[in-house]
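This is input-v6.cif (mmCIF, C-alpha atoms).
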data_input
#
loop_
_atom_site.label_atom_id
_atom_site.label_comp_id
_atom_site.auth_asym_id
_atom_site.auth_seq_id
_atom_site.Cartn_x
_atom_site.Cartn_y
_atom_site.Cartn_z
CA MET G 153 -73.08 -0.92 68.20
CA LEU G 154 -74.81 -4.31 68.42
CA VAL G 155 -77.77 -2.71 70.22
CA LEU G 156 -78.00 -0.14 67.44
CA VAL G 157 -78.00 -2.85 64.74
CA LEU G 158 -80.65 -4.87 66.61
CA GLY G 159 -82.75 -1.75 67.09
CA VAL G 160 -82.58 -0.92 63.40
CA SER G 161 -83.47 -4.50 62.41
CA CYS G 162 -86.51 -4.43 64.73
CA LEU G 163 -87.66 -1.17 63.23
CA TYR G 164 -87.15 -2.12 59.62
CA GLY G 165 -87.64 -5.89 59.81
CA ARG G 166 -85.17 -8.69 59.26
CA GLY G 167 -83.45 -9.07 55.92
CA GLY G 168 -86.16 -9.54 53.30
CA ASP G 169 -89.05 -8.96 55.70
CA LEU G 170 -91.67 -6.33 54.96
CA THR G 171 -91.64 -3.23 57.13
CA SER G 172 -94.75 -2.27 59.09
CA GLN G 173 -95.09 0.73 56.76
CA GLN G 174 -95.09 -1.53 53.67
CA ILE G 175 -97.76 -3.76 55.26
CA LYS G 176 -99.83 -0.71 56.11
CA GLU G 177 -99.64 0.55 52.53
CA ALA G 178 -100.52 -2.82 50.91
CA VAL G 179 -103.39 -2.63 48.42
CA TYR G 180 -106.76 -4.21 49.28
CA LEU G 181 -108.88 -4.95 46.21
CA ASP G 182 -112.41 -6.25 46.77
CA GLY G 183 -112.34 -8.49 43.66
CA ILE G 184 -109.07 -10.26 44.61
CA SER G 185 -108.40 -9.70 48.32
CA VAL G 186 -111.75 -11.29 49.22
CA PRO G 187 -111.33 -14.96 48.28
CA SER G 188 -113.79 -16.66 45.98
CA PRO G 189 -116.01 -19.21 47.80
CA GLY G 190 -114.58 -21.72 45.31
CA GLU G 191 -111.12 -21.30 46.89
CA ILE G 192 -112.10 -22.28 50.41
CA PHE G 193 -114.35 -25.07 49.09
CA ALA G 194 -111.40 -26.44 47.08
CA ALA G 195 -109.34 -26.57 50.29
CA ILE G 196 -112.19 -28.36 52.10
CA ASN G 197 -112.54 -30.96 49.32
CA LYS G 198 -108.84 -31.84 49.69
CA ARG G 199 -109.29 -32.77 53.35
CA SER G 200 -112.56 -34.64 53.46
CA PRO G 201 -115.23 -33.86 50.84
CA PRO G 202 -118.47 -33.11 52.68
CA ASN G 203 -121.96 -34.03 51.56
CA TRP G 204 -122.48 -30.86 49.54
CA ALA G 205 -126.04 -31.87 48.62
CA MET G 206 -127.01 -31.54 52.30
CA LEU G 207 -125.66 -27.96 52.30
CA SER G 208 -127.11 -26.90 48.96
CA HIS G 209 -130.12 -24.66 49.05
CA GLY G 210 -131.13 -21.78 46.86
CA GLY G 211 -132.24 -19.60 49.72
CA VAL G 212 -135.05 -17.12 49.51
CA ALA G 213 -134.53 -13.95 47.52
CA PRO G 214 -136.20 -11.41 49.82
CA ILE G 215 -139.03 -9.34 48.44
CA THR G 216 -138.04 -5.90 49.55
CA THR G 217 -137.23 -2.42 48.30
CA ASN G 218 -134.39 -2.09 50.84
CA ARG G 219 -131.33 -1.76 48.60
CA ALA G 220 -128.93 -2.74 51.40
CA GLN G 221 -130.83 -5.98 51.94
CA LEU G 222 -130.94 -6.70 48.20
CA ALA G 223 -127.17 -6.18 47.87
CA LEU G 224 -126.46 -8.44 50.87
CA ALA G 225 -128.79 -11.10 49.42
CA VAL G 226 -126.90 -11.07 46.09
CA GLY G 227 -123.78 -12.02 48.06
CA LEU G 228 -125.58 -14.90 49.78
CA LEU G 229 -126.81 -16.20 46.43
CA VAL G 230 -123.29 -16.14 44.93
CA THR G 231 -121.99 -18.40 47.71
CA ASN G 232 -125.11 -20.60 47.50
CA GLY G 233 -124.35 -20.94 43.78
CA PHE G 234 -120.85 -22.25 44.56
CA VAL G 235 -122.31 -24.73 47.07
CA SER G 236 -124.78 -25.99 44.45
CA VAL G 237 -121.94 -26.38 41.94
CA GLU G 238 -120.00 -28.48 44.48
CA ALA G 239 -123.18 -30.54 44.96
CA GLN G 240 -123.45 -30.74 41.14
CA ASP G 241 -127.09 -29.70 41.48
CA GLY G 242 -127.83 -28.11 38.09
CA GLN G 243 -131.46 -27.27 38.86
CA GLN G 244 -130.47 -25.42 42.02
CA VAL G 245 -127.81 -23.44 40.11
CA LYS G 246 -130.46 -22.41 37.58
CA ASN G 247 -132.83 -21.33 40.38
CA ILE G 248 -130.05 -19.29 41.97
CA GLY G 249 -129.19 -17.72 38.60
CA ARG G 250 -132.81 -16.63 38.18
CA ASP G 251 -132.93 -15.25 41.74
CA MET G 252 -129.74 -13.29 41.09
CA MET G 253 -131.33 -11.77 37.99
CA THR G 254 -134.45 -10.84 39.99
CA LEU G 255 -132.39 -9.13 42.69
CA SER G 256 -130.20 -7.40 40.10
CA LYS G 257 -133.30 -6.02 38.39
CA ALA G 258 -134.63 -4.76 41.74
CA LEU G 259 -131.27 -3.04 42.27
CA GLY G 260 -131.30 -1.65 38.72
CA VAL G 261 -128.01 -3.34 37.79
CA SER G 262 -129.30 -6.13 35.55
CA GLN G 263 -128.64 -4.63 32.10
CA ASN G 264 -125.09 -5.98 31.82
CA ILE G 265 -125.66 -9.41 33.31
CA LEU G 266 -128.54 -10.83 31.26
CA SER G 267 -126.07 -12.85 29.17
CA ARG G 268 -124.37 -14.07 32.37
CA GLY G 269 -127.70 -15.44 33.62
CA ASN G 270 -128.22 -17.26 30.31
CA ASN G 271 -124.70 -18.69 30.52
CA LEU G 272 -125.39 -20.03 34.03
CA ILE G 273 -128.48 -21.85 32.76
CA GLU G 274 -126.66 -23.23 29.71
CA PHE G 275 -123.64 -24.48 31.72
CA ALA G 276 -125.97 -26.03 34.32
CA ASP G 277 -127.89 -27.83 31.56
CA HIS G 278 -124.61 -29.29 30.27
CA SER G 279 -123.14 -30.03 33.74
CA GLU G 280 -120.10 -27.83 33.01
CA TRP G 281 -119.15 -27.34 36.66
CA ASP G 282 -115.79 -25.58 36.19
CA SER G 283 -117.36 -23.15 33.72
CA LEU G 284 -120.13 -22.54 36.25
CA ARG G 285 -117.62 -21.63 38.98
CA GLN G 286 -115.96 -19.18 36.59
CA GLU G 287 -119.31 -17.74 35.50
CA LEU G 288 -120.59 -17.30 39.06
CA GLU G 289 -117.51 -15.27 40.01
CA ALA G 290 -117.75 -13.28 36.76
CA THR G 291 -121.46 -12.59 37.41
CA GLU G 292 -120.68 -11.31 40.91
CA ASN G 293 -117.96 -9.04 39.50
CA GLU G 294 -120.27 -7.83 36.72
CA VAL G 295 -122.95 -6.88 39.27
CA LYS G 296 -120.33 -5.05 41.35
CA THR G 297 -118.90 -3.26 38.31
CA THR G 298 -122.39 -2.07 37.34
CA MET G 299 -122.97 -0.88 40.92
CA ILE G 300 -119.77 1.18 40.70
CA GLU G 301 -120.70 2.57 37.26
CA GLN G 302 -124.03 3.68 38.71
CA GLN G 303 -122.35 5.45 41.64
CA ASP G 304 -123.52 2.69 44.01
CA ARG G 305 -120.05 1.67 45.25
CA ASN G 306 -121.56 1.31 48.74
CA LEU G 307 -123.54 -1.71 47.61
CA VAL G 308 -120.39 -3.56 46.51
CA ASN G 309 -119.20 -3.76 50.12
CA LEU G 310 -122.56 -5.18 51.19
CA THR G 311 -122.49 -7.88 48.49
CA SER G 312 -118.96 -8.89 49.53
CA ALA G 313 -120.01 -9.04 53.19
CA GLY G 314 -123.05 -11.20 52.37
CA ALA G 315 -120.98 -13.64 50.29
CA TRP G 316 -118.28 -13.93 52.97
CA LEU G 317 -120.74 -14.48 55.84
CA ARG G 318 -122.52 -17.27 53.96
CA GLY G 319 -119.11 -18.83 53.17
CA ILE G 320 -118.17 -18.78 56.87
CA ASP G 321 -121.57 -20.28 57.76
CA VAL G 322 -121.09 -23.17 55.28
CA VAL G 323 -117.48 -23.90 56.26
CA ALA G 324 -118.29 -23.78 59.99
CA LYS G 325 -121.13 -26.29 59.45
CA ILE G 326 -118.78 -28.61 57.54
CA VAL G 327 -116.07 -28.38 60.21
CA MET G 328 -118.60 -29.02 63.00
CA ASN G 329 -119.83 -32.19 61.25
CA ASN G 330 -116.30 -33.60 60.97
CA TYR G 331 -114.04 -31.61 63.31
CA SER G 332 -110.30 -31.34 62.77
CA SER G 333 -107.99 -28.53 63.88
CA GLU G 334 -106.66 -28.27 60.28
CA GLY G 335 -110.19 -27.88 58.91
CA ALA G 336 -111.03 -25.30 61.59
CA ALA G 337 -107.91 -23.31 60.62
CA LEU G 338 -109.57 -22.54 57.26
CA LEU G 339 -111.71 -20.07 59.18
CA ASP G 340 -108.66 -18.07 60.27
CA GLU G 341 -109.78 -14.87 58.53
CA PRO G 342 -110.07 -12.20 61.26
CA PHE G 343 -108.30 -9.65 59.09
CA LEU G 344 -110.91 -10.04 56.36
CA ALA G 345 -113.82 -9.83 58.81
CA ARG G 346 -112.39 -6.59 60.23
CA HIS G 347 -111.81 -5.16 56.76
CA LEU G 348 -115.37 -5.95 55.63
CA ALA G 349 -116.74 -4.37 58.83
CA ALA G 350 -114.57 -1.27 58.31
CA ASP G 351 -115.88 -0.98 54.73
CA LEU G 352 -119.46 -0.90 56.08
CA GLU G 353 -118.36 1.89 58.41
CA GLU G 354 -117.65 3.98 55.30
CA LEU G 355 -121.18 3.68 53.87
CA SER G 356 -123.45 6.68 53.37
CA PRO G 357 -125.29 7.66 56.59
CA LYS G 358 -128.60 6.30 55.24
CA LEU G 359 -127.16 2.85 54.50
CA LYS G 360 -124.89 2.79 57.54
CA ASN G 361 -127.79 3.36 59.92
CA ASP G 362 -130.04 0.71 58.36
CA SER G 363 -130.83 -1.82 61.12
CA LEU G 364 -129.79 -4.79 58.96
CA VAL G 365 -126.47 -3.17 58.01
CA ILE G 366 -125.79 -2.45 61.69
CA GLN G 367 -126.50 -6.11 62.50
CA VAL G 368 -124.15 -7.31 59.71
CA ARG G 369 -121.37 -4.94 60.81
CA GLU G 370 -121.68 -5.98 64.46
CA THR G 371 -121.63 -9.67 63.49
CA LEU G 372 -118.46 -9.17 61.42
CA ILE G 373 -116.75 -7.40 64.34
CA GLU G 374 -117.86 -10.12 66.78
CA ILE G 375 -116.55 -12.89 64.49
CA ALA G 376 -113.24 -11.03 64.00
CA THR G 377 -112.86 -10.59 67.78
CA ILE G 378 -113.56 -14.28 68.48
CA LEU G 379 -111.04 -15.38 65.81
CA GLU G 380 -108.34 -12.97 67.01
CA LYS G 381 -108.55 -14.31 70.58
CA GLN G 382 -107.80 -17.91 69.53
CA ASN G 383 -104.15 -17.56 68.43
CA HIS G 384 -104.77 -19.56 65.23
CA ARG G 385 -106.28 -22.59 67.07
CA PHE G 386 -110.05 -23.00 66.94
CA SER G 387 -111.99 -25.43 69.16
CA GLU G 388 -115.34 -26.98 68.20
CA GLU G 389 -117.06 -24.60 70.63
CA VAL G 390 -115.54 -21.57 68.93
CA ILE G 391 -116.56 -22.81 65.49
CA ALA G 392 -120.11 -23.41 66.76
CA GLU G 393 -120.25 -19.88 68.20
CA ILE G 394 -119.14 -18.38 64.88
CA GLN G 395 -121.62 -20.49 62.91
CA ILE G 396 -124.54 -19.41 65.13
CA LYS G 397 -123.65 -15.74 64.67
CA ALA G 398 -123.28 -16.05 60.89
CA SER G 399 -126.45 -18.12 60.55
CA LYS G 400 -128.48 -15.60 62.58
CA VAL G 401 -127.54 -12.64 60.40
CA ILE G 402 -128.04 -14.67 57.18
CA LYS G 403 -131.58 -15.47 58.30
CA ALA G 404 -132.15 -11.76 58.86
CA ILE G 405 -130.91 -10.97 55.34
CA GLU G 406 -133.13 -13.64 53.80
CA THR G 407 -136.29 -12.95 55.75
CA SER G 408 -136.09 -9.44 57.13
CA SER G 409 -139.47 -7.76 56.90
CA SER G 410 -137.91 -4.31 56.45
CA THR G 411 -139.40 -2.63 53.41
CA LYS G 412 -137.94 0.77 54.01
CA SER G 413 -136.82 2.23 50.70
CA ILE G 414 -133.31 3.63 50.56
CA PRO G 415 -132.66 5.76 47.47
CA MET N 53 -77.94 59.36 31.63
CA LYS N 54 -78.18 57.88 35.12
CA LYS N 55 -81.97 57.58 34.74
CA LYS N 56 -81.54 55.73 31.43
CA GLN N 57 -79.13 53.25 33.07
CA THR N 58 -81.60 52.63 35.89
CA ASN N 59 -84.39 51.93 33.36
CA ILE N 60 -82.20 49.42 31.48
CA ILE N 61 -81.33 47.60 34.72
CA PHE N 62 -85.01 47.56 35.70
CA VAL N 63 -86.08 46.12 32.32
CA ALA N 64 -83.24 43.55 32.47
CA LEU N 65 -84.36 42.45 35.92
CA ILE N 66 -87.97 42.02 34.73
CA LEU N 67 -86.82 40.05 31.67
CA THR N 68 -84.61 37.83 33.86
CA PHE N 69 -87.51 37.21 36.22
CA ILE N 70 -89.81 36.26 33.30
CA ALA N 71 -87.14 33.97 31.85
CA ILE N 72 -86.70 32.19 35.20
CA ALA N 73 -90.49 31.79 35.54
CA VAL N 74 -90.75 30.33 32.00
CA LEU N 75 -87.84 27.93 32.63
CA PHE N 76 -89.36 26.82 35.94
CA PHE N 77 -92.72 26.18 34.24
CA LEU N 78 -91.15 24.20 31.37
CA ARG N 79 -88.99 22.14 33.73
CA LYS N 80 -91.96 21.28 35.92
CA ASN N 81 -93.97 20.07 32.93
CA PHE N 82 -91.01 18.30 31.37
CA VAL N 83 -90.27 16.35 34.58
CA SER N 84 -93.90 15.41 35.24
CA GLU N 85 -94.29 14.08 31.68
CA ASN N 86 -91.17 11.98 31.78
CA ARG N 87 -91.10 10.66 35.33
CA GLU N 88 -94.80 10.19 36.07
CA PRO N 89 -96.62 9.52 32.80
CA SER N 90 -100.27 8.68 33.34
CA VAL N 91 -101.20 5.03 32.78
CA SER N 92 -104.64 4.60 31.23
CA PRO N 93 -106.80 1.44 31.50
CA ALA N 94 -106.05 0.68 27.84
CA ASP N 95 -102.34 0.37 28.71
CA PHE N 96 -103.08 -2.75 30.76
CA VAL N 97 -104.60 -4.74 27.87
CA ASP N 98 -101.29 -6.33 26.77
CA SER N 99 -99.96 -7.03 30.26
CA LYS N 100 -103.27 -8.63 31.25
CA ARG N 101 -103.24 -10.84 28.14
CA HIS N 102 -99.64 -11.94 28.73
CA ALA N 103 -100.29 -12.71 32.41
CA LEU N 104 -103.38 -14.77 31.56
CA ASP N 105 -101.40 -16.59 28.83
CA LEU N 106 -98.97 -17.76 31.51
CA LEU N 107 -101.78 -19.38 33.50
CA GLY N 108 -103.49 -20.80 30.40
CA ALA N 109 -101.59 -24.08 30.56
CA LEU N 110 -102.57 -24.56 34.20
CA VAL N 111 -106.28 -24.44 33.39
CA ASN N 112 -105.89 -27.74 31.51
CA ARG N 113 -104.40 -29.18 34.72
CA GLY N 114 -107.50 -28.27 36.76
CA PHE N 115 -106.49 -24.83 38.05
CA ARG N 116 -109.15 -22.13 38.30
CA VAL N 117 -108.17 -18.58 37.42
CA ARG N 118 -109.63 -15.72 39.50
CA ASP N 119 -111.78 -13.43 37.40
CA GLU N 120 -110.33 -10.16 38.68
CA VAL N 121 -106.96 -8.72 37.64
CA TRP N 122 -104.70 -6.48 39.77
CA GLU N 123 -103.58 -3.61 37.53
CA ILE N 124 -100.36 -2.08 38.83
CA SER N 125 -98.51 1.08 37.80
CA LEU N 126 -94.96 -0.08 38.57
CA ARG N 127 -92.21 2.41 39.29
CA PRO N 128 -88.59 1.27 39.19
CA ARG N 129 -87.42 -0.46 42.38
CA LYS N 130 -90.61 0.26 44.36
CA MET N 131 -92.39 -2.89 45.50
CA GLU N 132 -96.18 -2.85 45.26
CA LEU N 133 -98.08 -5.16 47.63
CA LEU N 134 -101.54 -6.73 47.50
CA GLN N 135 -103.35 -8.37 50.43
CA LEU N 136 -104.74 -11.86 49.88
CA THR N 137 -106.35 -14.65 51.87
CA LEU N 138 -104.92 -18.08 50.97
CA PHE N 139 -106.05 -21.48 52.22
CA ALA N 140 -103.95 -24.41 53.48
CA GLY N 141 -103.88 -27.36 51.11
CA ASN N 142 -104.52 -25.28 48.00
CA GLN N 143 -101.86 -24.86 45.32
CA TYR N 144 -101.56 -21.31 43.97
CA TRP N 145 -99.82 -19.79 40.96
CA PHE N 146 -99.36 -16.04 40.56
CA ALA N 147 -98.47 -14.59 37.15
CA VAL N 148 -97.30 -11.04 36.45
CA ALA N 149 -96.63 -9.42 33.08
CA ALA N 150 -95.40 -5.90 32.41
CA SER N 151 -95.34 -4.12 29.08
CA ALA N 152 -92.19 -2.68 27.51
CA PRO N 153 -89.95 -0.93 28.56
CA ALA N 154 -90.02 -3.31 31.57
CA GLN N 155 -87.10 -5.75 31.38
CA ARG N 156 -87.00 -7.64 34.69
CA LEU N 157 -89.57 -8.24 37.41
CA LYS N 158 -89.49 -9.56 40.96
CA LEU N 159 -92.39 -11.56 42.44
CA ALA N 160 -92.51 -12.37 46.15
CA LEU N 161 -94.97 -13.64 48.76
CA TYR N 162 -95.02 -12.70 52.45
CA ASP N 163 -97.02 -14.09 55.39
CA ASP N 164 -99.27 -12.02 57.67
CA GLU N 165 -96.23 -10.78 59.64
CA GLY N 166 -94.33 -9.77 56.53
CA ARG N 167 -91.90 -12.72 56.46
CA PRO N 168 -90.95 -14.04 53.00
CA VAL N 169 -92.58 -17.30 51.87
CA ALA N 170 -90.67 -19.36 49.28
CA LEU N 171 -92.15 -19.45 45.78
CA ASP N 172 -91.31 -21.87 42.99
CA LEU N 173 -90.37 -19.20 40.43
CA TRP N 174 -90.67 -19.36 36.65
CA LYS N 175 -89.11 -16.55 34.59
CA ASP N 176 -89.61 -15.77 30.94
CA ASP N 177 -88.14 -12.33 30.52
CA HIS N 178 -87.37 -12.52 26.82
CA ALA N 179 -90.38 -14.30 25.27
CA ILE N 180 -92.41 -11.11 24.92
CA SER N 181 -91.77 -7.41 24.59
CA GLY N 182 -91.65 -6.53 28.28
CA ALA N 183 -91.26 -8.97 31.16
CA ARG N 184 -93.13 -11.88 32.70
CA ILE N 185 -92.72 -13.92 35.87
CA ALA N 186 -94.79 -16.55 37.67
CA GLY N 187 -94.53 -18.15 41.09
CA GLY N 188 -96.35 -21.07 42.67
CA LEU N 189 -96.61 -22.84 46.02
CA VAL N 190 -98.78 -25.08 48.16
CA ILE N 191 -100.02 -23.15 51.18
CA THR N 192 -99.46 -24.84 54.55
CA CYS N 193 -101.08 -22.22 56.83
CA SER N 194 -104.40 -20.53 56.00
CA GLY N 195 -104.52 -16.80 56.51
CA ASN N 196 -103.59 -13.35 55.34
CA TYR N 197 -100.69 -12.97 52.88
CA TYR N 198 -99.08 -10.20 50.81
CA VAL N 199 -98.00 -10.70 47.21
CA GLY N 200 -95.29 -8.24 46.10
CA VAL N 201 -94.32 -7.11 42.61
CA GLU N 202 -91.27 -5.00 41.84
CA LEU N 203 -89.80 -3.59 38.63
CA LEU N 204 -86.06 -4.34 38.82
CA GLU N 205 -84.98 -3.15 35.38
CA GLU N 206 -86.57 -0.87 32.85
CA ALA N 207 -85.41 0.90 29.72
CA ASP N 208 -85.94 4.56 30.52
CA GLY N 209 -87.19 5.09 34.07
CA LYS N 210 -90.85 5.38 33.16
CA THR N 211 -93.88 4.08 35.05
CA VAL N 212 -94.84 0.71 33.55
CA PRO N 213 -98.30 -0.89 33.43
CA ALA N 214 -98.33 -4.43 34.81
CA SER N 215 -101.03 -7.01 35.59
CA LEU N 216 -101.19 -9.79 38.17
CA VAL N 217 -103.57 -12.74 37.98
CA TYR N 218 -103.67 -15.87 40.08
CA ALA N 219 -105.00 -19.38 39.86
CA TYR N 220 -105.74 -22.00 42.52
CA GLN N 221 -106.32 -25.72 42.69
#
Kindly transcribe the structure held in the file into structure tokens.
Amino acid sequence: MLVLVLGVSCLYGRGGDLTSQQIKEAVYLDGISVPSPGEIFAAINKRSPPNWAMLSHGGVAPITTNRAQLALAVGLLVTNGFVSVEAQDGQQVKNIGRDMMTLSKALGVSQNILSRGNNLIEFADHSEWDSLRQELEATENEVKTTMIEQQDRNLVNLTSAGAWLRGIDVVAKIVMNNYSSEGAALLDEPFLARHLAADLEELSPKLKNDSLVIQVRETLIEIATILEKQNHRFSEEVIAEIQIKASKVIKAIETSSSTKSIP
Amino acid sequence: MKKKQTNIIFVALILTFIAIAVLFFLRKNFVSENREPSVSPADFVDSKRHALDLLGALVNRGFRVRDEVWEISLRPRKMELLQLTLFAGNQYWFAVAASAPAQRLKLALYDDEGRPVALDLWKDDHAISGARIAGGLVITCSGNYYVGVELLEEADGKTVPASLVYAYQ
């Protein structure tokens, strides 16, 4: 009888635990399940605020007609915007806002976010940093909503992947400069890396086979695999390995010479 | 005479068959309308407003509210779960509101293995038409979590639109 009870409890979880079926059926929503860069930066600031000014850079908005690259670059710019807000660098935020508008126009999704761009400039002029964080997240969501409205749902996944990879790159750099096991644990996101990679697996064949998209997907899988092997404890060497991988693919997104047009 | 009787039985059978078919059709439509009413995006307006109202006071204390809202079609006593990534050191507050006829909600958080994580719960079931609940905590381990919402009591067994928002500091 006891064996039967134990067997049932293993199958269905202990009292109050979720069952494996419930976990499997849990909803994943891009706009909520992927954390805002502001969330992880808030956690970092509580431990030991880094020199955000050293990490702040606008990045280069690539001149390309490759829609996959443009969507990935929008994601990078969103995270760069959050870094500039932490650095309280108003001019950099304005530059990033303008670059986001340029990329959105190239993607054909700018019509709904013109006012967002103006808000970014106005808040930066008045040093309204909390409003800027809110506006950056809202701008990202507005771009994604417009992508969905225009039957470009594929691009949403790329923007999320770009934003997450740049976030990992920034956090890994911060942790490497002032290592602590608690700080390194902030990178414990293998599930998210796998989910973002799986989303890229679902893209249309044209996008999926783009060389840059393949590189991004492979990097996400590699990062997920490295994180999963560590059992929630991450050494400096592991953090450095992750940072190098993220940094390499970010450079490819910013500077890739691919000009292949993807309709 | 015998032929006439056969015809009457035949017509009666056909009429019975038609009546059963009509009853089956009406029952199917009746049940689908009452048990699974469709929830349109407009139905979430009130629940979203009430959920955001709950977090309004926290904004003045330095909390930042996520821009996106989880819109949930809640069925009685069926927990809906959302995956989240939460970071150690951050304080989080989750707020859920459901429109009438919802009367009582459950809010719960689980870690990556599905084990319950204690929330500091705040309930306000009678301040609005419908139900509201909020829960907060300081995260001690970064990682993947599941936030669960369940409709415990409702007026008439219908699907209820609900919204979840969260804030962090």
Review point. Exactly which residues make up the result of the PyMOL selection byres ((chain N) within 8 of (chain G)) on this file, given as a PyMOL selection string?
Key: chain N and resi 116-122+132-142+162+165-168+193-196+198+220-221
Could you tell me which residues the PyMOL selection byres ((chain N and resi 174) around 8) grabs in this file, written as a short mmCIF file (atom, residue, chain, number, x, y, z; two decimals) with C-alpha atoms, in the frame of the given file?
data_model
loop_
_atom_site.label_atom_id
_atom_site.label_comp_id
_atom_site.auth_asym_id
_atom_site.auth_seq_id
_atom_site.Cartn_x
_atom_site.Cartn_y
_atom_site.Cartn_z
CA ASP N 172 -91.31 -21.87 42.99
CA LEU N 173 -90.37 -19.20 40.43
CA LYS N 175 -89.11 -16.55 34.59
CA ASP N 176 -89.61 -15.77 30.94
CA ILE N 185 -92.72 -13.92 35.87
CA ALA N 186 -94.79 -16.55 37.67
CA GLY N 187 -94.53 -18.15 41.09
#
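Reported to one decimal place, the separation of atom CA of N:Pro128 from atom CA of N:Glu202 is 7.3 Å.
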Check your understanding: Evaluating the PyMOL selection byres ((chain N and resi 152) around 12) on the displayed file yields which residues, as a ChimeraX atom specification?
Key -> /N:95-96,98-99,102,126,149-151,153-157,177-184,203,205-214
How would the residues just picked look written out with C-alpha atoms as a compact mmCIF listing (two decimals), in the frame of the given file?
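Generated file (out27.txt):
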# COMPACT_ATOMS: atom_id res chain seq x y z
CA ASP N 95 -102.34 0.37 28.71
CA PHE N 96 -103.08 -2.75 30.76
CA ASP N 98 -101.29 -6.33 26.77
CA SER N 99 -99.96 -7.03 30.26
CA HIS N 102 -99.64 -11.94 28.73
CA LEU N 126 -94.96 -0.08 38.57
CA ALA N 149 -96.63 -9.42 33.08
CA ALA N 150 -95.40 -5.90 32.41
CA SER N 151 -95.34 -4.12 29.08
CA PRO N 153 -89.95 -0.93 28.56
CA ALA N 154 -90.02 -3.31 31.57
CA GLN N 155 -87.10 -5.75 31.38
CA ARG N 156 -87.00 -7.64 34.69
CA LEU N 157 -89.57 -8.24 37.41
CA ASP N 177 -88.14 -12.33 30.52
CA HIS N 178 -87.37 -12.52 26.82
CA ALA N 179 -90.38 -14.30 25.27
CA ILE N 180 -92.41 -11.11 24.92
CA SER N 181 -91.77 -7.41 24.59
CA GLY N 182 -91.65 -6.53 28.28
CA ALA N 183 -91.26 -8.97 31.16
CA ARG N 184 -93.13 -11.88 32.70
CA LEU N 203 -89.80 -3.59 38.63
CA GLU N 205 -84.98 -3.15 35.38
CA GLU N 206 -86.57 -0.87 32.85
CA ALA N 207 -85.41 0.90 29.72
CA ASP N 208 -85.94 4.56 30.52
CA GLY N 209 -87.19 5.09 34.07
CA LYS N 210 -90.85 5.38 33.16
CA THR N 211 -93.88 4.08 35.05
CA VAL N 212 -94.84 0.71 33.55
CA PRO N 213 -98.30 -0.89 33.43
CA ALA N 214 -98.33 -4.43 34.81
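Residues with any atom within 8 Å of G:Ile265, counting all atoms listed in the file and excluding same-chain neighbours fewer than 6 positions away, are Met253, Thr291, Glu294 and Val295 of chain G.
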**Study point:** Using all atoms listed in the file: which of G:Lys325, G:Arg369, G:His209, G:Lys360 has the shortest distance to G:Glu388
**Key:** G:Lys325
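Atom CA of G:Ser267 is found 24.0 Å from atom CA of N:Gly108.
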Exercise for review: Work out how far apart atom CA of G:Ser279 and atom CA of G:Phe234 are and give it in Å to one decimal.
Suggested key: 13.5 Å
If I wrap all listed atoms of stretch 109-113 of chain N in a box with edges along x, y and z and add 4 Å on each side, what are its centre and edge lengths in Å to one decimal, as AutoDock Vina command-line options?
--center_x -103.9 --center_y -26.6 --center_z 32.6 --size_x 12.7 --size_y 13.1 --size_z 12.2
Point to revise | Among the residues N:Leu106, N:Ile191, N:Leu204, N:Leu67, the one that comes closest to N:Leu161 [using all atoms listed in the file] | key: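 Nearest candidate to N:Leu161 out of N:Leu106, N:Ile191, N:Leu204, N:Leu67: N:Ile191.
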Point to revise | For G:Asp277, the nearest of the candidates G:Gln243, G:Gln382, G:Thr298, G:Arg250, counting all atoms listed in the file | key: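 Closest to G:Asp277 of all the choices is G:Gln243.
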Point to revise | All residues 12 Å or closer to G:Glu354, all atoms listed in the file, same chain fewer than 5 positions away omitted, as a ChimeraX atom specification | key: /G:305-310,347-349,359-361,365,369
Review point. If we count all atoms listed in the file, what is near N:Ala160 at a cut-off of 7 Å, once residues fewer than 3 positions away on the same chain are taken out, given as number ranges by chain?
Key: N: 199-201
Practice item. Would you please work out which residue, of G:Lys246, G:His278, G:Lys257, G:Lys381, is nearest to G:Ala223 when using only C-alpha atoms? Key: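 For G:Ala223, the nearest of the candidates is G:Lys257.
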